[in-house]
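I have placed the structure first, in the form of structure tokens, so that the comments after it can refer back to it.
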Amino acid sequence: MTAVNGSSVRARVVLQQCLSARLQTKPTEQDSEAQWAEINRGMVIYICFFKGATEDMIPKMVNTLLNMKLCETDSGYTSVLELPGSVLVVPQATLGGKPKGRGMQYHGNIGKEDGQKLYASFVSQCENELSLTVKGSEGAIAVRHGTYGNRQVLKLDTNGPYTHLMEF
């Protein structure tokens with residue numbers, strides 16, 4: 001893990017504004033079609049938890065990410081809460097990779113079971129925060145999410161690669 005202001009990073013997030021996004025949560029199988037999580041205009045949050053990440057950091061992460069003014073409008077930038085916009089949360093363990101020779105290693109990532117719990121809590125708290133907004137209560141926005149621990153196919157339509165890396 002890297003250090004930020006003398007403290008260790010416990011989570012890494014990449015934010016990407018989008019016009020629409022579609023994440024495959026279950027692949028096509030012999031007896032069933034593929035399943036997708038889809039959003040319209042809003043933000044994709046790719047998230048990776050590191051060893052040392054705890055439940056108590058989730059509220060600050062959610063508050064910071066959902067209130068960040070990253071969504072482009074005609075009058076400047078606004079938060080996904082003010083847009084109103086939807087959120088797609090994508091578990092992304094590869095954000096914790098470090099180069100080793102010609103490959104990548106993920107020794108700093110949190111264990112799968114603990115990561116699943118934090119991911120579920122993060123998604124739940126995003127849903128709660130968005131539901132508290134006036135626009136959210138009108139059903140104009142949604143939180144969708146991928147499946148922790150699975151490889152997933154992402155289709156993304158953006159109005160620019162306005163992508164940001166944040167660490168907590």
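Following the order of the structure tokens, first chain is A, next is B, and so on, with residues numbered from 1 inside each chain and ligands from 1 in the order they appear.
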Find the spatial neighbours of Thr28 of chain A, counting only C-alpha atoms, within a cut-off of 12 Å - ignore same-chain residues fewer than 6 positions away - and output them as a PyMOL selection string.
chain A and resi 34-36+152-153
Would you give me, as a PyMOL selection string, the residues in segment 5-148 of chain A that DSSP reads as strand (DSSP E or B)?
chain A and resi 7-8+11-18+20-26+29+32+35-39+42-50+71-73+76-78+86-91+98-100+103-105+109+143-145
Expected file contents, prior selection, C-alpha atoms, as an mmCIF file, in the first residue's frame:
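See part_37.cif below for the written result:
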```cif
data_model
loop_
_atom_site.group_PDB
_atom_site.id
_atom_site.type_symbol
_atom_site.label_atom_id
_atom_site.label_comp_id
_atom_site.auth_asym_id
_atom_site.auth_seq_id
_atom_site.Cartn_x
_atom_site.Cartn_y
_atom_site.Cartn_z
ATOM 1 C CA SER A 7 -1.256 7.284 6.582
ATOM 2 C CA SER A 8 -1.809 4.092 4.656
ATOM 3 C CA ALA A 11 -9.377 1.961 -0.361
ATOM 4 C CA ARG A 12 -8.846 3.150 -3.912
ATOM 5 C CA VAL A 13 -11.671 4.449 -6.097
ATOM 6 C CA VAL A 14 -11.857 5.543 -9.715
ATOM 7 C CA LEU A 15 -14.795 7.778 -10.656
ATOM 8 C CA GLN A 16 -16.044 8.104 -14.228
ATOM 9 C CA GLN A 17 -18.951 10.268 -15.328
ATOM 10 C CA CYS A 18 -21.186 8.560 -17.880
ATOM 11 C CA SER A 20 -25.052 5.390 -19.666
ATOM 12 C CA ALA A 21 -23.387 2.235 -18.412
ATOM 13 C CA ARG A 22 -24.210 -1.449 -18.584
ATOM 14 C CA LEU A 23 -22.419 -4.066 -16.459
ATOM 15 C CA GLN A 24 -22.878 -7.782 -16.983
ATOM 16 C CA THR A 25 -23.508 -9.298 -13.552
ATOM 17 C CA LYS A 26 -24.094 -12.854 -14.734
ATOM 18 C CA GLU A 29 -25.364 -19.878 -19.485
ATOM 19 C CA SER A 32 -30.319 -18.578 -18.910
ATOM 20 C CA GLN A 35 -28.004 -10.453 -16.592
ATOM 21 C CA TRP A 36 -27.068 -6.767 -16.575
ATOM 22 C CA ALA A 37 -27.007 -3.835 -14.168
ATOM 23 C CA GLU A 38 -27.734 -0.642 -16.111
ATOM 24 C CA ILE A 39 -27.813 3.071 -15.397
ATOM 25 C CA GLY A 42 -24.525 9.561 -13.696
ATOM 26 C CA MET A 43 -21.313 8.083 -12.383
ATOM 27 C CA VAL A 44 -19.471 4.772 -12.368
ATOM 28 C CA ILE A 45 -17.541 4.049 -9.165
ATOM 29 C CA TYR A 46 -14.808 1.405 -9.450
ATOM 30 C CA ILE A 47 -13.782 0.367 -5.929
ATOM 31 C CA CYS A 48 -11.033 -1.714 -4.323
ATOM 32 C CA PHE A 49 -10.494 -2.262 -0.590
ATOM 33 C CA PHE A 50 -7.058 -2.893 0.898
ATOM 34 C CA CYS A 71 -20.836 15.502 -13.504
ATOM 35 C CA GLU A 72 -20.740 17.930 -16.411
ATOM 36 C CA THR A 73 -23.740 20.186 -17.062
ATOM 37 C CA GLY A 76 -20.467 23.688 -15.023
ATOM 38 C CA TYR A 77 -19.992 20.642 -12.841
ATOM 39 C CA THR A 78 -22.343 19.216 -10.226
ATOM 40 C CA SER A 86 -27.541 7.260 -11.120
ATOM 41 C CA VAL A 87 -24.573 5.340 -9.757
ATOM 42 C CA LEU A 88 -23.056 2.061 -10.941
ATOM 43 C CA VAL A 89 -20.678 0.509 -8.397
ATOM 44 C CA VAL A 90 -18.112 -1.879 -9.888
ATOM 45 C CA PRO A 91 -15.870 -4.005 -7.664
ATOM 46 C CA LYS A 98 1.415 -3.518 -7.950
ATOM 47 C CA PRO A 99 3.878 -4.421 -10.705
ATOM 48 C CA LYS A 100 6.256 -7.269 -10.000
ATOM 49 C CA GLY A 103 3.097 -9.295 -13.882
ATOM 50 C CA MET A 104 0.913 -7.794 -11.223
ATOM 51 C CA GLN A 105 0.521 -8.801 -7.593
ATOM 52 C CA ASN A 109 -5.912 -6.257 -1.247
ATOM 53 C CA VAL A 143 -27.845 2.649 -7.584
ATOM 54 C CA ARG A 144 -26.846 -0.485 -9.451
ATOM 55 C CA HIS A 145 -23.855 -2.680 -8.721
#
```
12 Å contact set for Glu55 of chain A, only C-alpha atoms, chain neighbours under 4 positions out, as a ChimeraX atom specification
/A:10-11,49,59-62,114-122,125
What separates atom CA of Leu81 of chain A and atom CA of Asn67 of chain A is a distance of 6.5 Å
For the atom pair atom CA of Asn40 of chain A and atom CA of Leu156 of chain A, what is the interatomic distance in Å to one decimal place?
10.1 Å
Env of Glu127 of chain A: 8 Å cut, atoms = only C-alpha atoms, seq-sep filter 4 positions within chain, self excluded. Answer as number ranges by chain.
A: 123, 131, 142-143
Any chance you can output those residues with C-alpha atoms as a short mmCIF file (atom, residue, chain, number, x, y, z; two decimals), in the first residue's frame?
```
data_model
loop_
_atom_site.label_atom_id
_atom_site.label_comp_id
_atom_site.auth_asym_id
_atom_site.auth_seq_id
_atom_site.Cartn_x
_atom_site.Cartn_y
_atom_site.Cartn_z
CA VAL A 123 -23.51 -0.19 -1.98
CA SER A 131 -32.84 7.77 -1.49
CA ALA A 142 -30.79 4.49 -9.04
CA VAL A 143 -27.85 2.65 -7.58
#
```
Near Thr64 of chain A, within 12 Å and counting only C-alpha atoms, which residues show up once chain neighbours fewer than 6 positions away are dropped, as an mmCIF file with N, CA, C and O atoms, in the first residue's frame?
```cif
data_model
loop_
_atom_site.group_PDB
_atom_site.id
_atom_site.type_symbol
_atom_site.label_atom_id
_atom_site.label_comp_id
_atom_site.auth_asym_id
_atom_site.auth_seq_id
_atom_site.Cartn_x
_atom_site.Cartn_y
_atom_site.Cartn_z
ATOM 1 N N VAL A 13 -10.447 4.298 -5.312
ATOM 2 C CA VAL A 13 -11.671 4.449 -6.097
ATOM 3 C C VAL A 13 -11.337 5.216 -7.369
ATOM 4 O O VAL A 13 -10.574 6.174 -7.335
ATOM 5 N N LEU A 15 -13.484 7.234 -10.307
ATOM 6 C CA LEU A 15 -14.795 7.778 -10.656
ATOM 7 C C LEU A 15 -14.811 8.130 -12.138
ATOM 8 O O LEU A 15 -13.859 8.712 -12.645
ATOM 9 N N MET A 57 -15.028 3.539 7.797
ATOM 10 C CA MET A 57 -14.595 4.471 6.755
ATOM 11 C C MET A 57 -15.638 4.640 5.642
ATOM 12 O O MET A 57 -15.578 5.596 4.873
ATOM 13 N N ILE A 58 -16.616 3.756 5.579
ATOM 14 C CA ILE A 58 -17.591 3.744 4.488
ATOM 15 C C ILE A 58 -18.441 5.024 4.442
ATOM 16 O O ILE A 58 -18.586 5.618 3.367
ATOM 17 N N LEU A 70 -18.429 16.258 -10.153
ATOM 18 C CA LEU A 70 -17.733 15.674 -11.299
ATOM 19 C C LEU A 70 -18.620 15.487 -12.528
ATOM 20 O O LEU A 70 -18.135 15.106 -13.578
ATOM 21 N N SER A 79 -22.648 17.535 -8.529
ATOM 22 C CA SER A 79 -22.531 16.192 -7.960
ATOM 23 C C SER A 79 -23.615 15.290 -8.544
ATOM 24 O O SER A 79 -24.616 15.756 -9.092
ATOM 25 N N VAL A 80 -23.429 13.997 -8.402
ATOM 26 C CA VAL A 80 -24.417 13.035 -8.888
ATOM 27 C C VAL A 80 -25.727 13.198 -8.110
ATOM 28 O O VAL A 80 -26.805 12.953 -8.644
ATOM 29 N N LEU A 81 -25.649 13.650 -6.858
ATOM 30 C CA LEU A 81 -26.857 13.882 -6.065
ATOM 31 C C LEU A 81 -27.660 15.062 -6.596
ATOM 32 O O LEU A 81 -28.883 15.043 -6.588
ATOM 33 N N CYS A 126 -24.660 3.866 -0.285
ATOM 34 C CA CYS A 126 -24.908 4.695 -1.474
ATOM 35 C C CYS A 126 -26.405 4.736 -1.763
ATOM 36 O O CYS A 126 -26.973 5.802 -2.043
ATOM 37 N N GLU A 129 -28.113 7.005 0.817
ATOM 38 C CA GLU A 129 -27.817 8.421 0.593
ATOM 39 C C GLU A 129 -28.602 8.965 -0.596
ATOM 40 O O GLU A 129 -29.176 10.058 -0.526
ATOM 41 N N MET A 166 -9.239 8.443 -6.518
ATOM 42 C CA MET A 166 -9.285 8.923 -5.133
ATOM 43 C C MET A 166 -8.855 7.795 -4.211
ATOM 44 O O MET A 166 -9.145 6.631 -4.480
ATOM 45 N N GLU A 167 -8.193 8.163 -3.139
ATOM 46 C CA GLU A 167 -7.762 7.175 -2.162
ATOM 47 C C GLU A 167 -8.268 7.575 -0.776
ATOM 48 O O GLU A 167 -8.323 8.763 -0.448
ATOM 49 N N PHE A 168 -8.608 6.589 0.000
ATOM 50 C CA PHE A 168 -9.122 6.812 1.353
ATOM 51 C C PHE A 168 -8.299 6.027 2.359
ATOM 52 O O PHE A 168 -7.756 5.003 2.060
#
```
Extract the full set of helix (DSSP H, G or I) residues from chain A according to DSSP on the backbone, and format it as a VMD selection string.
chain A and resid 55 to 67 93 to 96 112 to 132 134 to 137
Can you measure atom CA of Asp31 of chain A to atom CA of Gln92 of chain A for me? One decimal in Å is fine.
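Value for the atom CA of Asp31 of chain A-atom CA of Gln92 of chain A distance: 27.9 Å.
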Go through A:Arg41, A:Lys51, A:Lys112, A:Lys69 one by one, measure the shortest atom-to-atom distance of each to Thr158 of chain A using only C-alpha atoms, and give the residue with the smallest value.
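Ranked by minimum distance to Thr158 of chain A, first place goes to A:Arg41.
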